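Working notes, beginning with the structure itself.
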Amino acid sequence: MLLLLAWRNLWRRPQRTLLSLLSITLVVALLVCMLSFQRGVYQAMKENTLGVFDGYAQFQPPGYRDDPTIDRSIEHPAAIVRDALAIQGVGAAGARVNGFGILASGARSYGALIAGVEPRSESQLSSIAATVREGRYLNDTDSDAAVLGELLARNLRVAVGDTVSVLGAARDGSVAADVLTVVGIFRSGIPQLDRSILEMPLARAQDAFDMSDRANTIALGGRTLAGVDAALPRLSALGARHGIALLDWQALEPAMRDAIALKYAMSLLLYLTLVAVVAFIILNALLMSVLERTQEFGVLLAVGMRARAIGLMVWLELLTLALSGCALGFLIGAGATLWLERRGISFGSLSQLLAQYGLPPRLHPALDLVSALTGPVAILVAIVLGGMVPYARVARLTALAAMRSA
Amino acid sequence: MTPIIQCRGVERTYTQGAVAVPALRGVDLTIGRGDFATLAGPSGSGKTTLLSVIGGLDRPSAGEILIEGRSIGGLDAAQLAELRLHKIGFVFQSYSLIPVLTALENVEFILRLLGVPRAERLARAREALHQVGLAGLEDRRPARLSGGQQQRVAVARALAPRPALVLADEPTANLDSANAGELIALMQDLNAASGITFLIATHDARVIAHSRRHIEMTDGRITLDESSSPAAA
Ligand SMILES: Nc1ncnc2c1ncn2[C@@H]1O[C@H](COP(=O)(O)OP(=O)(O)OP(=O)(O)O)[C@@H](O)[C@H]1O
Ligand SMILES: [Mg+2]
């Protein structure tokens with residue numbers, strides 16, 4: 001009965017009800033779309049940035065992050081790599097030696113990171129293999145081969161087929177020296193990397209830097225960052241067994257973590273404003289309708305209906321409105337998002353700018369539980385809580401109004 | 001037999017800011033079962049206020065009110081609501097129907113508050129509408145009924161719970177004289193047929209002419225109380 005009354009009351013002023021419904025629907029749909037887009041963009045940004053070289057997580061020797069010297073190392077990395085690959089969500093793992101040294105060709109010399117990598121796993125962990133512009137990437141049979149960044153190659157004036165000499169400090173403090181043949185030149189699109197990285201086969205790097213069966217880091221990857229994130233507890237346990245630290249993406253890219261947190265905080269402000277505005281519009285409309293019905297409610301009270309029951313009726317009106325608005329908005333928002341997710345959003349001429357932020361040219365919103373439900377739930381909670389105001393207003397009404405305001 | 005209404009020294013003073021407005025200044029009144037009484041008096045004399053305190057919509061500042069011999073002064077809001085639901089029907093001046101419910105639903109609604117089962121509820125609501133001459137208009141909403149028809153629905157609603165007492169505040173004020181006459185005749189018939197007590201506040205001379213007992217108020221006091229019907233004499 002109350003529900004029937006609430007329902008019919010809503011349709012007393014169809015325009016007002018439809019306007020209220022529309023505003024809830026719009027804002028909910030907007031929130032779903034915006035949050036999904038935001039999460040999709042950040043997801044892409046994270047996966048692209050981490051996918052260039054870091055990996056989605058890394059094992060490192062204790063203290064390596066703050067003081068990445070070659071003598072901090074992981075023993076017998078192959079066993080750890082094998083165990084890590086057995087964990088669900090981890091799709092790739094590769095040991096690396098990170099030596100710092102001077103590269104020289106002819107009269108030119110530049111400092112660089114000399115990374116000893118396992119070509120097969122490295123091509124899954126890092127997009128460098130896929131961005132080789134000239135020549136080819138390393139393969140498992142290579143020995144004295146090297147690939148290096150485009151800017152580094154230009155600075156050294158080397159091309160595919162040329163040799164570079166490597167000079168650095170080995171683990172025992174002696175001089176590490178080697179001569180490598182350039183087999184490929186890559187352009188990752190990130191100038192810092194293209195200017196400073198040379199990759200060579202792991203075994204040869206272990207020889208050159210006197211590492212024997214050691215590595216400096218083990219990079220971890222998988223199909224998705226979320227998958228690797230979900231595997232973090234088990235990875236961390238694995239690391240603990242070997243006395244090494246596990247760094248998640250936030251530890252690997254603290255600047256990106258902070259930037260994302262800041263952006264979320266700023267957009268939260270916008271979202272909260274939207275929620276508040278809608279809640280305000282709806283409650284205002286409801287309060288008006290309650291005030292208009294003062295006499296009617298007085299009659300109901302006079303004939304013996306309880307104020308609580310009338311309050312409940314008003315609250316049901318609100319709930320019906322809020323629920324249908326949220327459901328509609330959710331459907332529209334989720335539908336639009338899923339469509340865009342499949343299609344992607346292209347930014348045309350802006351794609352170069354996007355690349356600077358580690359973003360692909362087509363962005364895909366990510367509809368997940370968080371982005372789909374945060375908006376509707378926030379609106380629902382705001383409206384239902386705010387509904388206490390008209391409810392309290394009704395509870396204060398007296399039957400006397402029936403006699404007086406005719 | 002215990003009278004249905006007894007008022008003893010009832011006062012009601014409204015406070016408007018710092019000003020005290022005495023609306024009732026000591027009303028003593030007894031109304032017997034089955035009475036058909038009218039309450040008249042100039043505007044502001046306290047008619048509405050008296051009906052309100054008798055019906056438990058408002059509380060007196062002093063004095064005592066007994067309904068069927070039971071004092072209502074000690075009842076809380078919920079108990080007063082129960083009392084109204086079971087014992088007292090109200091007919092207001094106008095616009096007292098729920099606009100989103102049909103005539104039948106308006107009457108049925110109050111029976112639902114009483115917890116009457118659905119089938120009986122519908123039967124009683126139909127019967128009440130039939131009694132007030134609205135058979136065939138059950139499914140109309142108030143907006144599609146004339147003022148007189150709306151007041152008949154209000155009377156049906158007041159009667160459906162089979163109350164002991166009906167309080168009506170200017171029920172004919174918004175009706176033309178033909179409709180007003182019909183409404184009064186209807187209430188009289190119902191009074192005669194079912195023995196329900198009626199207390200009607202009104203300015204309407206024709207209503208007063210039909211009453212068995214006539215009470216007049218001035219400035220919050222009862223200044224005239226006469227039984228004019230030969231039946232009551
Ligand atoms: N809520 C209130 N606050 C202050 N004064 C009030 C209030 N309600 C009524 N009064 C005053 O009480 C007095 C009696 O009012 P009441 O409505 O009972 O008169 P009435 O006889 O019904 O008048 P009418 O014929 O105009 O309906 C009036 O002086 C009125 O101004
Ligand atoms: Mg009055």
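Ligands are numbered from 1 in the order shown, chains are lettered A, B, ... in the order of the structure tokens, and residues start at 1 in each chain.
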request  = Provide as a PyMOL selection string the residues of chain B at most 7 Å from chain A, counting only C-alpha atoms.
outcome  = chain B and resi 57-58+81-82+84-85+89-90+92-94+96+98+100+113
Serialized selection, N, CA, C and O atoms, as an mmCIF file, in the first residue's frame:
```cif
data_model
loop_
_atom_site.group_PDB
_atom_site.id
_atom_site.type_symbol
_atom_site.label_atom_id
_atom_site.label_comp_id
_atom_site.auth_asym_id
_atom_site.auth_seq_id
_atom_site.Cartn_x
_atom_site.Cartn_y
_atom_site.Cartn_z
ATOM 1 N N LEU B 57 -6.491 15.660 18.299
ATOM 2 C CA LEU B 57 -5.494 16.195 17.374
ATOM 3 C C LEU B 57 -4.636 17.237 18.070
ATOM 4 O O LEU B 57 -3.551 17.576 17.611
ATOM 5 N N ASP B 58 -5.138 17.735 19.153
ATOM 6 C CA ASP B 58 -4.477 18.804 19.887
ATOM 7 C C ASP B 58 -4.771 18.537 21.366
ATOM 8 O O ASP B 58 -5.724 17.827 21.681
ATOM 9 N N ALA B 81 -3.742 8.159 18.190
ATOM 10 C CA ALA B 81 -3.941 7.745 16.801
ATOM 11 C C ALA B 81 -4.849 6.512 16.754
ATOM 12 O O ALA B 81 -5.752 6.419 15.920
ATOM 13 N N GLU B 82 -4.597 5.583 17.661
ATOM 14 C CA GLU B 82 -5.440 4.383 17.755
ATOM 15 C C GLU B 82 -6.890 4.756 18.044
ATOM 16 O O GLU B 82 -7.819 4.235 17.430
ATOM 17 N N ARG B 84 -8.424 7.557 17.454
ATOM 18 C CA ARG B 84 -9.046 8.179 16.280
ATOM 19 C C ARG B 84 -9.406 7.126 15.246
ATOM 20 O O ARG B 84 -10.484 7.141 14.665
ATOM 21 N N LEU B 85 -8.457 6.221 15.044
ATOM 22 C CA LEU B 85 -8.659 5.189 14.036
ATOM 23 C C LEU B 85 -9.926 4.376 14.333
ATOM 24 O O LEU B 85 -10.709 4.077 13.435
ATOM 25 N N GLY B 89 -14.454 9.451 13.409
ATOM 26 C CA GLY B 89 -14.298 9.774 12.000
ATOM 27 C C GLY B 89 -14.239 11.281 11.835
ATOM 28 O O GLY B 89 -14.865 12.019 12.596
ATOM 29 N N PHE B 90 -13.446 11.733 10.860
ATOM 30 C CA PHE B 90 -13.340 13.174 10.622
ATOM 31 C C PHE B 90 -13.848 13.526 9.231
ATOM 32 O O PHE B 90 -13.591 12.805 8.268
ATOM 33 N N PHE B 92 -13.444 16.983 6.989
ATOM 34 C CA PHE B 92 -12.863 18.323 7.005
ATOM 35 C C PHE B 92 -13.551 19.198 5.980
ATOM 36 O O PHE B 92 -14.389 18.741 5.200
ATOM 37 N N GLN B 93 -13.115 20.453 5.969
ATOM 38 C CA GLN B 93 -13.772 21.430 5.114
ATOM 39 C C GLN B 93 -13.683 21.063 3.631
ATOM 40 O O GLN B 93 -14.671 21.090 2.913
ATOM 41 N N SER B 94 -12.465 20.710 3.202
ATOM 42 C CA SER B 94 -12.315 20.323 1.796
ATOM 43 C C SER B 94 -10.931 19.746 1.544
ATOM 44 O O SER B 94 -10.058 19.806 2.412
ATOM 45 N N SER B 96 -9.664 16.895 1.513
ATOM 46 C CA SER B 96 -9.101 16.018 2.525
ATOM 47 C C SER B 96 -8.889 14.601 1.992
ATOM 48 O O SER B 96 -8.477 13.733 2.722
ATOM 49 N N ILE B 98 -7.025 11.721 -0.443
ATOM 50 C CA ILE B 98 -5.692 11.528 -1.017
ATOM 51 C C ILE B 98 -5.850 11.578 -2.533
ATOM 52 O O ILE B 98 -6.536 10.743 -3.119
ATOM 53 N N VAL B 100 -4.089 10.861 -5.050
ATOM 54 C CA VAL B 100 -3.592 9.815 -5.948
ATOM 55 C C VAL B 100 -4.360 8.506 -5.789
ATOM 56 O O VAL B 100 -4.079 7.529 -6.483
ATOM 57 N N LEU B 113 -5.553 0.495 7.387
ATOM 58 C CA LEU B 113 -4.880 0.920 8.621
ATOM 59 C C LEU B 113 -5.437 0.153 9.821
ATOM 60 O O LEU B 113 -4.731 -0.122 10.786
#
```
task = Might you pull out every residue within 8 Å of A:Val275, with only C-alpha atoms counted and same-chain residues fewer than 2 positions away left off, and present them as a PyMOL selection string?
result = chain A and resi 27+271-273+277-279+378-379+382
Cut-off 6 Å: closest chain B/ligand 1 atom pairs per residue, using only C-alpha atoms and all ligand atoms, as CSV:
```
residue,atom,partner,partner_atom_place_in_ligand_line,distance
B:Tyr14,CA,ligand 1,4 (C),4.7
B:Thr15,CA,ligand 1,4 (C),5.9
B:Gln16,CA,ligand 1,4 (C),5.4
B:Val21,CA,ligand 1,5 (N),5.7
B:Ala23,CA,ligand 1,12 (O),4.2
B:Pro42,CA,ligand 1,25 (O),5.8
B:Ser43,CA,ligand 1,25 (O),3.4
B:Gly44,CA,ligand 1,19 (O),3.4
B:Ser45,CA,ligand 1,21 (O),4.0
B:Gly46,CA,ligand 1,18 (O),3.2
B:Lys47,CA,ligand 1,21 (O),3.8
B:Thr48,CA,ligand 1,22 (O),3.7
B:Thr49,CA,ligand 1,18 (O),3.7
```
key: Surrounding residues of A:Ser165 excluding itself and chain neighbours under 6 positions, 9 Å, only C-alpha atoms, as a list of chain:residue names   =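 Contacts, in chain order: A:Ile102, A:Leu103, A:Ala104, A:Ser105, A:Ala177, A:Asp178, A:Val179, A:Leu180, A:Thr181.
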Write the selection just made, keeping all heavy atoms, as a short mmCIF file (atom, residue, chain, number, x, y, z; two decimals), in the first residue's frame?
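File selection_24.cif, as written:
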```cif
data_model
loop_
_atom_site.label_atom_id
_atom_site.label_comp_id
_atom_site.auth_asym_id
_atom_site.auth_seq_id
_atom_site.Cartn_x
_atom_site.Cartn_y
_atom_site.Cartn_z
N ILE A 102 81.24 2.56 -19.36
CA ILE A 102 81.48 3.51 -20.45
C ILE A 102 81.46 2.72 -21.75
O ILE A 102 82.07 1.66 -21.86
CB ILE A 102 82.88 4.16 -20.32
CG1 ILE A 102 83.09 4.76 -18.93
CG2 ILE A 102 83.09 5.19 -21.43
CD1 ILE A 102 82.42 6.08 -18.72
N LEU A 103 80.69 3.24 -22.72
CA LEU A 103 80.70 2.64 -24.04
C LEU A 103 81.57 3.52 -24.93
O LEU A 103 81.48 4.73 -24.89
CB LEU A 103 79.29 2.59 -24.62
CG LEU A 103 78.24 1.83 -23.82
CD1 LEU A 103 76.90 1.89 -24.54
CD2 LEU A 103 78.67 0.39 -23.61
N ALA A 104 82.37 2.87 -25.72
CA ALA A 104 83.24 3.66 -26.59
C ALA A 104 83.20 3.11 -28.01
O ALA A 104 83.10 1.90 -28.23
CB ALA A 104 84.68 3.65 -26.06
N SER A 105 83.22 4.04 -28.95
CA SER A 105 83.33 3.67 -30.36
C SER A 105 84.13 4.77 -31.03
O SER A 105 83.74 5.93 -30.98
CB SER A 105 81.96 3.54 -31.00
OG SER A 105 82.09 3.34 -32.38
N ALA A 177 85.75 -5.54 -19.04
CA ALA A 177 85.95 -5.02 -20.40
C ALA A 177 85.45 -6.04 -21.40
O ALA A 177 85.56 -7.24 -21.18
CB ALA A 177 87.43 -4.73 -20.63
N ASP A 178 84.81 -5.55 -22.46
CA ASP A 178 84.33 -6.46 -23.49
C ASP A 178 84.16 -5.68 -24.78
O ASP A 178 84.09 -4.45 -24.76
CB ASP A 178 82.99 -7.07 -23.05
CG ASP A 178 82.73 -8.41 -23.73
OD1 ASP A 178 83.44 -8.74 -24.71
OD2 ASP A 178 81.81 -9.11 -23.28
N VAL A 179 84.10 -6.42 -25.85
CA VAL A 179 83.82 -5.79 -27.14
C VAL A 179 82.62 -6.50 -27.75
O VAL A 179 82.58 -7.71 -27.81
CB VAL A 179 85.04 -5.89 -28.09
CG1 VAL A 179 84.67 -5.30 -29.45
CG2 VAL A 179 86.23 -5.16 -27.49
N LEU A 180 81.59 -5.70 -28.11
CA LEU A 180 80.34 -6.28 -28.60
C LEU A 180 80.05 -5.77 -29.99
O LEU A 180 80.45 -4.67 -30.36
CB LEU A 180 79.19 -5.90 -27.66
CG LEU A 180 79.38 -6.28 -26.19
CD1 LEU A 180 78.29 -5.62 -25.34
CD2 LEU A 180 79.35 -7.80 -26.01
N THR A 181 79.27 -6.59 -30.74
CA THR A 181 78.85 -6.18 -32.07
C THR A 181 77.39 -5.74 -32.01
O THR A 181 76.55 -6.45 -31.46
CB THR A 181 78.98 -7.35 -33.05
OG1 THR A 181 80.32 -7.82 -33.00
CG2 THR A 181 78.62 -6.92 -34.47
#
```
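Restricting the calculation to only C-alpha atoms, the smallest distance between A:Gly111 and any of A:Leu246, A:Leu198, A:Ala372, A:Ala392 is found for A:Leu198.
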request  = Tell me, as a list in words, which residues lie within 9 Å of B:Gly56, counting only C-alpha atoms; anything in the same chain fewer than 3 positions away does not count.
outcome  = Ala302 of chain A; Leu51, Ser52, Val53, Arg59, Ile72, Gly73, Ala77, Leu80, Ala81, Leu83 and Arg84 of chain B
Would you put the residues from that selection into a file with C-alpha atoms, as a CSV table (one decimal), in the first residue's frame?
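Once everything was written out, this is result-v5.csv:
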```
chain,number,residue,atom,x,y,z
A,302,ALA,CA,-5.9,12.8,11.7
B,51,LEU,CA,-13.1,19.8,17.6
B,52,SER,CA,-9.4,19.4,17.6
B,53,VAL,CA,-9.0,18.8,21.3
B,59,ARG,CA,-4.2,18.8,23.7
B,72,ILE,CA,-7.8,11.0,26.9
B,73,GLY,CA,-5.4,13.4,28.7
B,77,ALA,CA,0.4,10.2,20.4
B,80,LEU,CA,-4.5,8.9,20.4
B,81,ALA,CA,-3.9,7.7,16.8
B,83,LEU,CA,-8.4,6.1,19.4
B,84,ARG,CA,-9.0,8.2,16.3
```
ask   = Contacts of B:Gly9 at 9 Å or less, counting only C-alpha atoms, minus same-chain residues fewer than 3 places along, as a PyMOL selection string?
value = chain B and resi 25-29+62-65
Write to file, as a PDB file, in the first residue's frame, the residues of the selection just made, with C-alpha atoms.
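Dumped to out_36.pdb:
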```pdb
ATOM      1  CA  ARG B  25     -11.745  29.620  28.025  1.00  0.00           C
ATOM      2  CA  GLY B  26     -13.320  26.828  29.989  1.00  0.00           C
ATOM      3  CA  VAL B  27     -15.721  24.691  28.004  1.00  0.00           C
ATOM      4  CA  ASP B  28     -18.086  22.310  29.745  1.00  0.00           C
ATOM      5  CA  LEU B  29     -19.992  20.142  27.322  1.00  0.00           C
ATOM      6  CA  ALA B  62      -6.289  22.820  31.079  1.00  0.00           C
ATOM      7  CA  GLY B  63      -9.359  20.747  31.800  1.00  0.00           C
ATOM      8  CA  GLU B  64     -10.302  17.201  30.944  1.00  0.00           C
ATOM      9  CA  ILE B  65     -11.859  15.422  27.985  1.00  0.00           C
TER      10      ILE B  65
END
```
request  = Point out the residue among A:Ile383, A:Glu341, A:Gly335, A:Leu321 with the least atom-to-atom distance to A:Leu22, counting only C-alpha atoms.
outcome  =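 Closest candidate: A:Leu321.
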query = Can you tell me how far atom CA of B:Arg70 sits from atom CA of B:Gly220, in Å to one decimal?
reply =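 According to the coordinates, atom CA of B:Arg70 and atom CA of B:Gly220 are separated by 23.8 Å.
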task = Name all residues at most 12 Å from B:Val116 (count only C-alpha atoms; drop same-chain ones fewer than 5 positions away) and give them as a VMD selection string.
result = chain B and resid 86 108 to 111 121 to 125 160 to 161
key: Spatial neighbours of B:Ile200, 7 Å, only C-alpha atoms, chain gap at least 5 places, as a PyMOL selection string   = chain B and resi 37-39+167-170
request  = Please identify which residues in stretch 46-230 of chain A DSSP calls helix (DSSP H, G or I) from the backbone, and express them as a PyMOL selection string.
outcome  = chain A and resi 46-52+77-85+119-125+129-131+150-156+191-196+202-208+225-230
Just N, CA and C atoms for this one: save the residues we selected as a short mmCIF file (atom, residue, chain, number, x, y, z; two decimals), in the first residue's frame.
```cif
data_model
loop_
_atom_site.label_atom_id
_atom_site.label_comp_id
_atom_site.auth_asym_id
_atom_site.auth_seq_id
_atom_site.Cartn_x
_atom_site.Cartn_y
_atom_site.Cartn_z
N LYS A 46 50.22 2.75 -16.70
CA LYS A 46 51.06 1.91 -15.86
C LYS A 46 51.66 0.77 -16.67
N GLU A 47 50.78 0.06 -17.41
CA GLU A 47 51.28 -1.11 -18.13
C GLU A 47 52.29 -0.71 -19.19
N ASN A 48 52.04 0.42 -19.86
CA ASN A 48 52.98 0.84 -20.90
C ASN A 48 54.30 1.30 -20.32
N THR A 49 54.22 2.08 -19.26
CA THR A 49 55.44 2.59 -18.67
C THR A 49 56.27 1.45 -18.08
N LEU A 50 55.60 0.59 -17.32
CA LEU A 50 56.32 -0.51 -16.68
C LEU A 50 56.80 -1.51 -17.73
N GLY A 51 56.01 -1.61 -18.81
CA GLY A 51 56.33 -2.60 -19.83
C GLY A 51 57.53 -2.22 -20.68
N VAL A 52 57.98 -0.99 -20.60
CA VAL A 52 59.14 -0.61 -21.39
C VAL A 52 60.38 -1.32 -20.88
N PRO A 77 69.82 -17.19 -9.81
CA PRO A 77 68.50 -16.61 -10.14
C PRO A 77 67.59 -17.58 -10.89
N ALA A 78 68.17 -18.55 -11.61
CA ALA A 78 67.34 -19.43 -12.44
C ALA A 78 66.28 -20.16 -11.62
N ALA A 79 66.66 -20.58 -10.41
CA ALA A 79 65.71 -21.31 -9.57
C ALA A 79 64.55 -20.41 -9.15
N ILE A 80 64.89 -19.15 -8.84
CA ILE A 80 63.84 -18.22 -8.43
C ILE A 80 62.92 -17.90 -9.60
N VAL A 81 63.53 -17.73 -10.78
CA VAL A 81 62.73 -17.47 -11.98
C VAL A 81 61.74 -18.60 -12.19
N ARG A 82 62.23 -19.84 -12.05
CA ARG A 82 61.36 -21.00 -12.27
C ARG A 82 60.20 -21.00 -11.27
N ASP A 83 60.51 -20.76 -9.99
CA ASP A 83 59.46 -20.75 -8.96
C ASP A 83 58.47 -19.61 -9.19
N ALA A 84 59.00 -18.46 -9.62
CA ALA A 84 58.11 -17.31 -9.85
C ALA A 84 57.13 -17.62 -10.99
N LEU A 85 57.63 -18.27 -12.02
CA LEU A 85 56.78 -18.58 -13.17
C LEU A 85 55.66 -19.56 -12.82
N PRO A 119 67.35 -13.12 -23.63
CA PRO A 119 66.56 -12.57 -24.74
C PRO A 119 65.13 -13.07 -24.79
N ARG A 120 64.94 -14.36 -24.54
CA ARG A 120 63.59 -14.89 -24.71
C ARG A 120 62.62 -14.28 -23.68
N SER A 121 62.99 -14.32 -22.39
CA SER A 121 62.07 -13.78 -21.39
C SER A 121 62.03 -12.25 -21.47
N GLU A 122 63.16 -11.66 -21.86
CA GLU A 122 63.21 -10.20 -21.92
C GLU A 122 62.22 -9.65 -22.94
N SER A 123 62.05 -10.39 -24.04
CA SER A 123 61.14 -9.88 -25.07
C SER A 123 59.69 -9.92 -24.59
N GLN A 124 59.42 -10.72 -23.53
CA GLN A 124 58.07 -10.72 -22.97
C GLN A 124 57.92 -9.65 -21.89
N LEU A 125 59.04 -9.33 -21.24
CA LEU A 125 58.99 -8.41 -20.11
C LEU A 125 59.03 -6.95 -20.53
N ALA A 129 62.41 -5.04 -27.15
CA ALA A 129 62.59 -6.00 -28.25
C ALA A 129 61.69 -5.64 -29.42
N ALA A 130 60.49 -5.15 -29.09
CA ALA A 130 59.51 -4.87 -30.14
C ALA A 130 59.76 -3.52 -30.81
N THR A 131 60.65 -2.72 -30.25
CA THR A 131 60.85 -1.39 -30.84
C THR A 131 62.19 -1.28 -31.56
N GLU A 150 68.47 4.23 -29.73
CA GLU A 150 68.72 5.03 -30.91
C GLU A 150 69.60 6.25 -30.62
N LEU A 151 69.29 6.95 -29.54
CA LEU A 151 70.05 8.16 -29.22
C LEU A 151 71.48 7.83 -28.83
N LEU A 152 71.61 6.71 -28.11
CA LEU A 152 72.94 6.27 -27.72
C LEU A 152 73.76 5.92 -28.97
N ALA A 153 73.10 5.19 -29.89
CA ALA A 153 73.80 4.81 -31.13
C ALA A 153 74.20 6.04 -31.92
N ARG A 154 73.31 7.03 -31.95
CA ARG A 154 73.62 8.24 -32.70
C ARG A 154 74.79 8.98 -32.06
N ASN A 155 74.75 9.04 -30.72
CA ASN A 155 75.84 9.71 -30.01
C ASN A 155 77.18 9.03 -30.26
N LEU A 156 77.12 7.68 -30.28
CA LEU A 156 78.37 6.93 -30.48
C LEU A 156 78.73 6.82 -31.96
N PRO A 191 63.00 8.95 -24.25
CA PRO A 191 64.35 9.44 -24.54
C PRO A 191 65.39 9.00 -23.51
N GLN A 192 65.01 9.01 -22.21
CA GLN A 192 65.99 8.62 -21.19
C GLN A 192 66.53 7.22 -21.45
N LEU A 193 65.63 6.32 -21.87
CA LEU A 193 66.06 4.94 -22.13
C LEU A 193 66.84 4.85 -23.43
N ASP A 194 66.35 5.53 -24.44
CA ASP A 194 67.01 5.46 -25.75
C ASP A 194 68.42 6.06 -25.71
N ARG A 195 68.66 6.85 -24.69
CA ARG A 195 69.96 7.52 -24.57
C ARG A 195 70.92 6.71 -23.70
N SER A 196 70.40 5.73 -22.95
CA SER A 196 71.25 5.21 -21.89
C SER A 196 71.29 3.70 -21.72
N LEU A 202 72.83 -12.34 -21.15
CA LEU A 202 73.08 -12.43 -19.71
C LEU A 202 74.40 -13.14 -19.40
N ALA A 203 74.61 -14.29 -20.06
CA ALA A 203 75.78 -15.11 -19.71
C ALA A 203 77.07 -14.33 -19.95
N ARG A 204 77.09 -13.60 -21.05
CA ARG A 204 78.30 -12.84 -21.38
C ARG A 204 78.49 -11.69 -20.39
N ALA A 205 77.40 -11.09 -19.97
CA ALA A 205 77.50 -10.02 -18.98
C ALA A 205 77.97 -10.58 -17.65
N GLN A 206 77.47 -11.75 -17.28
CA GLN A 206 77.92 -12.38 -16.03
C GLN A 206 79.43 -12.61 -16.07
N ASP A 207 79.95 -13.03 -17.24
CA ASP A 207 81.39 -13.21 -17.40
C ASP A 207 82.13 -11.89 -17.25
N ALA A 208 81.66 -10.93 -18.02
CA ALA A 208 82.37 -9.66 -18.09
C ALA A 208 82.42 -8.97 -16.73
N LEU A 225 48.84 -6.21 -15.46
CA LEU A 225 49.41 -5.71 -14.21
C LEU A 225 48.58 -6.19 -13.03
N ALA A 226 47.26 -6.20 -13.23
CA ALA A 226 46.38 -6.63 -12.14
C ALA A 226 46.68 -8.07 -11.75
N GLY A 227 46.97 -8.91 -12.76
CA GLY A 227 47.29 -10.30 -12.49
C GLY A 227 48.55 -10.41 -11.64
N VAL A 228 49.56 -9.63 -12.00
CA VAL A 228 50.81 -9.66 -11.23
C VAL A 228 50.57 -9.08 -9.84
N ASP A 229 49.78 -8.01 -9.77
CA ASP A 229 49.48 -7.43 -8.46
C ASP A 229 48.82 -8.47 -7.55
N ALA A 230 47.94 -9.28 -8.15
CA ALA A 230 47.25 -10.28 -7.35
C ALA A 230 48.23 -11.34 -6.86
#
```
